[in-house]
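Notes to accompany the following structure.
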Amino acid sequence: MFAGDSTMRNLFFSFAEFLGEAPIRNNTAMRHSDQILERRRCKGTLHFLWRPYISDLVATAENATIAGAPLVLTAGLWDALHVRNLSAYSERLQQLRRALASRPAAAVWVTTTAMNDDGLKLPTKREHMAEAKVAAYRNMQVDLLH
């Protein structure tokens, strides 16, 4: 089970392709939605949960109905862009760490990637998702989750 933002959605699609599947990557109608991919080559499904905020991931990690499923997760970019509160992010990361520690299944955290500032076209993204700001979120992830 994959949970997170667009970075995680891309990882979900890449993993499906690695397994020999052909997911539809550019479905803009499903861009900010949960997605399920039924495996053709073997029985089973892959799940992507659109959970772009760290608070969403805390709720996901605490969800008892999926506690037995391995999780691959990430968040940070939407918090940087929309919430803009490093203290709250740090508190939620600590909650997430506790929630993941109490789950019976494995969890893998994918650290937020570096930003290409030149690729940020919208003024709000240039202001709030620039590498200098995202690095602060990434550094918290490394400090608290590793």
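Residue names in the structure tokens use chain letters A, B, ... in the order shown, residue numbers from 1 in each chain, and ligand numbers from 1 in the order shown.
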- [ ] Extract, using only C-alpha atoms, all DNA, RNA and protein residues at most 9 Å from stretch 10-20 of chain A, discarding same-chain residues fewer than 4 positions from it, and format them as a list in words.
- [x]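 Near neighbours after the sequence-gap exclusion: Met1, Phe2, Ala3, Asp5, Ser6, Ile24, Arg25, Leu37, Arg39, Arg40, Arg41, Leu46, His47 and Phe48 of chain A.
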What does the file look like for those residues with N, CA, C and O atoms, as a PDB file, in the first residue's frame?
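New file again-v8.pdb:
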```pdb
ATOM      1  N   MET A   1       0.844  -1.159   0.000  1.00  0.00           N
ATOM      2  CA  MET A   1       0.000   0.000   0.000  1.00  0.00           C
ATOM      3  C   MET A   1       0.895   1.229   0.000  1.00  0.00           C
ATOM      4  O   MET A   1       1.816   1.332   0.808  1.00  0.00           O
ATOM      5  N   PHE A   2       0.623   2.129  -0.921  1.00  0.00           N
ATOM      6  CA  PHE A   2       1.386   3.364  -1.063  1.00  0.00           C
ATOM      7  C   PHE A   2       0.492   4.515  -0.599  1.00  0.00           C
ATOM      8  O   PHE A   2      -0.678   4.564  -0.986  1.00  0.00           O
ATOM      9  N   ALA A   3       1.019   5.439   0.192  1.00  0.00           N
ATOM     10  CA  ALA A   3       0.228   6.563   0.685  1.00  0.00           C
ATOM     11  C   ALA A   3       1.076   7.818   0.663  1.00  0.00           C
ATOM     12  O   ALA A   3       2.222   7.811   1.105  1.00  0.00           O
ATOM     13  N   ASP A   5       1.713  11.852  -1.471  1.00  0.00           N
ATOM     14  CA  ASP A   5       1.446  12.905  -2.443  1.00  0.00           C
ATOM     15  C   ASP A   5       1.790  12.438  -3.862  1.00  0.00           C
ATOM     16  O   ASP A   5       1.889  11.239  -4.118  1.00  0.00           O
ATOM     17  N   SER A   6       1.983  13.382  -4.765  1.00  0.00           N
ATOM     18  CA  SER A   6       2.256  13.021  -6.162  1.00  0.00           C
ATOM     19  C   SER A   6       3.584  12.282  -6.321  1.00  0.00           C
ATOM     20  O   SER A   6       3.724  11.448  -7.210  1.00  0.00           O
ATOM     21  N   ILE A  24      -2.277   3.631 -16.080  1.00  0.00           N
ATOM     22  CA  ILE A  24      -2.489   4.879 -16.823  1.00  0.00           C
ATOM     23  C   ILE A  24      -1.993   6.020 -15.937  1.00  0.00           C
ATOM     24  O   ILE A  24      -2.677   6.444 -15.013  1.00  0.00           O
ATOM     25  N   ARG A  25      -0.818   6.504 -16.238  1.00  0.00           N
ATOM     26  CA  ARG A  25      -0.191   7.538 -15.406  1.00  0.00           C
ATOM     27  C   ARG A  25      -0.849   8.904 -15.537  1.00  0.00           C
ATOM     28  O   ARG A  25      -0.892   9.658 -14.587  1.00  0.00           O
ATOM     29  N   LEU A  37      -5.006  -0.788  -8.457  1.00  0.00           N
ATOM     30  CA  LEU A  37      -4.568  -1.460  -9.673  1.00  0.00           C
ATOM     31  C   LEU A  37      -4.676  -2.957  -9.451  1.00  0.00           C
ATOM     32  O   LEU A  37      -4.003  -3.513  -8.573  1.00  0.00           O
ATOM     33  N   ARG A  39      -3.846  -6.530 -10.305  1.00  0.00           N
ATOM     34  CA  ARG A  39      -2.731  -7.197 -10.978  1.00  0.00           C
ATOM     35  C   ARG A  39      -3.267  -8.195 -11.995  1.00  0.00           C
ATOM     36  O   ARG A  39      -4.097  -9.020 -11.670  1.00  0.00           O
ATOM     37  N   ARG A  40      -2.776  -8.136 -13.216  1.00  0.00           N
ATOM     38  CA  ARG A  40      -3.187  -9.067 -14.266  1.00  0.00           C
ATOM     39  C   ARG A  40      -2.412 -10.369 -14.206  1.00  0.00           C
ATOM     40  O   ARG A  40      -2.956 -11.428 -14.428  1.00  0.00           O
ATOM     41  N   ARG A  41      -1.138 -10.282 -13.929  1.00  0.00           N
ATOM     42  CA  ARG A  41      -0.265 -11.457 -14.016  1.00  0.00           C
ATOM     43  C   ARG A  41      -0.383 -12.384 -12.814  1.00  0.00           C
ATOM     44  O   ARG A  41      -0.025 -13.539 -12.907  1.00  0.00           O
ATOM     45  N   LEU A  46      -2.690  -3.541  -6.049  1.00  0.00           N
ATOM     46  CA  LEU A  46      -1.824  -2.489  -5.520  1.00  0.00           C
ATOM     47  C   LEU A  46      -2.722  -1.301  -5.202  1.00  0.00           C
ATOM     48  O   LEU A  46      -3.614  -0.961  -5.987  1.00  0.00           O
ATOM     49  N   HIS A  47      -2.473  -0.675  -4.061  1.00  0.00           N
ATOM     50  CA  HIS A  47      -3.284   0.457  -3.632  1.00  0.00           C
ATOM     51  C   HIS A  47      -2.422   1.702  -3.497  1.00  0.00           C
ATOM     52  O   HIS A  47      -1.333   1.650  -2.929  1.00  0.00           O
ATOM     53  N   PHE A  48      -2.954   2.809  -3.994  1.00  0.00           N
ATOM     54  CA  PHE A  48      -2.370   4.118  -3.743  1.00  0.00           C
ATOM     55  C   PHE A  48      -3.427   4.935  -3.020  1.00  0.00           C
ATOM     56  O   PHE A  48      -4.560   5.061  -3.497  1.00  0.00           O
TER      57      PHE A  48
END
```
- [ ] Can you pull out every residue within 6 Å of stretch 101-114 of chain A, counting only C-alpha atoms, but drop anything in the same chain fewer than 2 positions away, and send it as a ChimeraX atom specification?
- [x] /A:67-74,98-99,138
- [ ] For atom CA of A:Thr60 and atom CA of A:Asp34, quote the distance in Å rounded to one decimal.
- [x] 12.5 Å
Open item on the list: Could you list, as a list of chain:residue names, every residue within 12 Å of A:Ser55, counting only C-alpha atoms and ignoring same-chain residues fewer than 2 positions away?
Closed with: A:Ala3, A:Gly4, A:Arg51, A:Pro52, A:Tyr53, A:Leu57, A:Val58, A:Ala59, A:Thr60, A:Ala61, A:Glu62, A:Thr74, A:Ala75, A:Gly76, A:Trp78, A:Asp79, A:Val83, A:Ala88, A:Tyr89, A:Ser90, A:Glu91, A:Arg92, A:Leu93, A:Gln94, A:Gln95, A:Leu96, A:Arg97, A:Ala99
Selection above as a file: N, CA, C and O atoms, as an mmCIF file, in the first residue's frame:
```
data_model
loop_
_atom_site.group_PDB
_atom_site.id
_atom_site.type_symbol
_atom_site.label_atom_id
_atom_site.label_comp_id
_atom_site.auth_asym_id
_atom_site.auth_seq_id
_atom_site.Cartn_x
_atom_site.Cartn_y
_atom_site.Cartn_z
ATOM 1 N N ALA A 3 1.019 5.439 0.192
ATOM 2 C CA ALA A 3 0.228 6.563 0.685
ATOM 3 C C ALA A 3 1.076 7.818 0.663
ATOM 4 O O ALA A 3 2.222 7.811 1.105
ATOM 5 N N GLY A 4 0.498 8.889 0.136
ATOM 6 C CA GLY A 4 1.231 10.145 0.117
ATOM 7 C C GLY A 4 0.761 11.083 -0.972
ATOM 8 O O GLY A 4 -0.407 11.074 -1.359
ATOM 9 N N ARG A 51 -2.905 10.855 0.114
ATOM 10 C CA ARG A 51 -2.804 11.414 1.457
ATOM 11 C C ARG A 51 -1.639 12.400 1.455
ATOM 12 O O ARG A 51 -0.548 12.099 1.910
ATOM 13 N N PRO A 52 -1.849 13.609 0.909
ATOM 14 C CA PRO A 52 -0.728 14.515 0.669
ATOM 15 C C PRO A 52 -0.177 15.228 1.903
ATOM 16 O O PRO A 52 0.927 15.758 1.856
ATOM 17 N N TYR A 53 -0.927 15.250 2.994
ATOM 18 C CA TYR A 53 -0.476 15.949 4.197
ATOM 19 C C TYR A 53 0.017 14.963 5.242
ATOM 20 O O TYR A 53 -0.475 13.839 5.329
ATOM 21 N N LEU A 57 -1.261 11.050 6.779
ATOM 22 C CA LEU A 57 -0.463 9.838 6.973
ATOM 23 C C LEU A 57 -0.555 9.325 8.402
ATOM 24 O O LEU A 57 -0.535 8.114 8.625
ATOM 25 N N VAL A 58 -0.683 10.228 9.362
ATOM 26 C CA VAL A 58 -0.877 9.794 10.746
ATOM 27 C C VAL A 58 -2.173 8.993 10.834
ATOM 28 O O VAL A 58 -2.203 7.895 11.400
ATOM 29 N N ALA A 59 -3.251 9.526 10.255
ATOM 30 C CA ALA A 59 -4.536 8.815 10.269
ATOM 31 C C ALA A 59 -4.437 7.475 9.548
ATOM 32 O O ALA A 59 -5.002 6.473 9.997
ATOM 33 N N THR A 60 -3.710 7.429 8.449
ATOM 34 C CA THR A 60 -3.528 6.180 7.701
ATOM 35 C C THR A 60 -2.770 5.159 8.548
ATOM 36 O O THR A 60 -3.151 3.992 8.625
ATOM 37 N N ALA A 61 -1.703 5.585 9.193
ATOM 38 C CA ALA A 61 -0.909 4.676 10.016
ATOM 39 C C ALA A 61 -1.694 4.164 11.218
ATOM 40 O O ALA A 61 -1.464 3.058 11.688
ATOM 41 N N GLU A 62 -2.628 4.960 11.701
ATOM 42 C CA GLU A 62 -3.450 4.570 12.848
ATOM 43 C C GLU A 62 -4.677 3.753 12.449
ATOM 44 O O GLU A 62 -5.378 3.244 13.325
ATOM 45 N N THR A 74 5.108 8.942 2.116
ATOM 46 C CA THR A 74 5.857 10.196 2.129
ATOM 47 C C THR A 74 4.882 11.361 2.184
ATOM 48 O O THR A 74 3.744 11.252 1.741
ATOM 49 N N ALA A 75 5.349 12.457 2.732
ATOM 50 C CA ALA A 75 4.597 13.723 2.734
ATOM 51 C C ALA A 75 5.564 14.836 3.090
ATOM 52 O O ALA A 75 6.581 14.600 3.743
ATOM 53 N N GLY A 76 5.225 16.012 2.701
ATOM 54 C CA GLY A 76 6.041 17.174 3.013
ATOM 55 C C GLY A 76 5.804 18.321 2.059
ATOM 56 O O GLY A 76 5.724 19.474 2.474
ATOM 57 N N TRP A 78 3.121 19.136 0.201
ATOM 58 C CA TRP A 78 1.842 19.838 0.366
ATOM 59 C C TRP A 78 1.806 20.602 1.685
ATOM 60 O O TRP A 78 1.200 21.665 1.782
ATOM 61 N N ASP A 79 2.455 20.046 2.706
ATOM 62 C CA ASP A 79 2.551 20.783 3.967
ATOM 63 C C ASP A 79 3.345 22.069 3.759
ATOM 64 O O ASP A 79 2.968 23.128 4.266
ATOM 65 N N VAL A 83 0.237 24.342 4.223
ATOM 66 C CA VAL A 83 0.120 24.506 5.679
ATOM 67 C C VAL A 83 1.145 25.515 6.192
ATOM 68 O O VAL A 83 0.820 26.382 7.001
ATOM 69 N N ALA A 88 4.171 22.437 13.454
ATOM 70 C CA ALA A 88 3.074 21.467 13.350
ATOM 71 C C ALA A 88 3.531 20.237 12.584
ATOM 72 O O ALA A 88 3.174 19.108 12.941
ATOM 73 N N TYR A 89 4.335 20.429 11.550
ATOM 74 C CA TYR A 89 4.851 19.302 10.778
ATOM 75 C C TYR A 89 5.707 18.401 11.667
ATOM 76 O O TYR A 89 5.574 17.179 11.637
ATOM 77 N N SER A 90 6.553 19.001 12.479
ATOM 78 C CA SER A 90 7.399 18.239 13.387
ATOM 79 C C SER A 90 6.561 17.433 14.380
ATOM 80 O O SER A 90 6.845 16.251 14.627
ATOM 81 N N GLU A 91 5.533 18.039 14.921
ATOM 82 C CA GLU A 91 4.648 17.330 15.853
ATOM 83 C C GLU A 91 3.968 16.152 15.171
ATOM 84 O O GLU A 91 3.881 15.056 15.740
ATOM 85 N N ARG A 92 3.505 16.349 13.951
ATOM 86 C CA ARG A 92 2.839 15.265 13.216
ATOM 87 C C ARG A 92 3.825 14.158 12.859
ATOM 88 O O ARG A 92 3.473 12.989 12.871
ATOM 89 N N LEU A 93 5.054 14.521 12.528
ATOM 90 C CA LEU A 93 6.078 13.501 12.260
ATOM 91 C C LEU A 93 6.304 12.630 13.494
ATOM 92 O O LEU A 93 6.454 11.411 13.372
ATOM 93 N N GLN A 94 6.319 13.253 14.658
ATOM 94 C CA GLN A 94 6.493 12.486 15.887
ATOM 95 C C GLN A 94 5.297 11.557 16.114
ATOM 96 O O GLN A 94 5.476 10.395 16.511
ATOM 97 N N GLN A 95 4.089 12.054 15.838
ATOM 98 C CA GLN A 95 2.896 11.207 15.939
ATOM 99 C C GLN A 95 2.978 10.050 14.951
ATOM 100 O O GLN A 95 2.628 8.916 15.276
ATOM 101 N N LEU A 96 3.434 10.347 13.729
ATOM 102 C CA LEU A 96 3.554 9.309 12.716
ATOM 103 C C LEU A 96 4.563 8.247 13.153
ATOM 104 O O LEU A 96 4.304 7.047 12.998
ATOM 105 N N ARG A 97 5.658 8.679 13.685
ATOM 106 C CA ARG A 97 6.669 7.704 14.141
ATOM 107 C C ARG A 97 6.084 6.757 15.184
ATOM 108 O O ARG A 97 6.290 5.547 15.127
ATOM 109 N N ALA A 99 2.870 6.041 15.619
ATOM 110 C CA ALA A 99 1.836 5.216 14.977
ATOM 111 C C ALA A 99 2.467 4.087 14.162
ATOM 112 O O ALA A 99 1.996 2.947 14.201
#
```
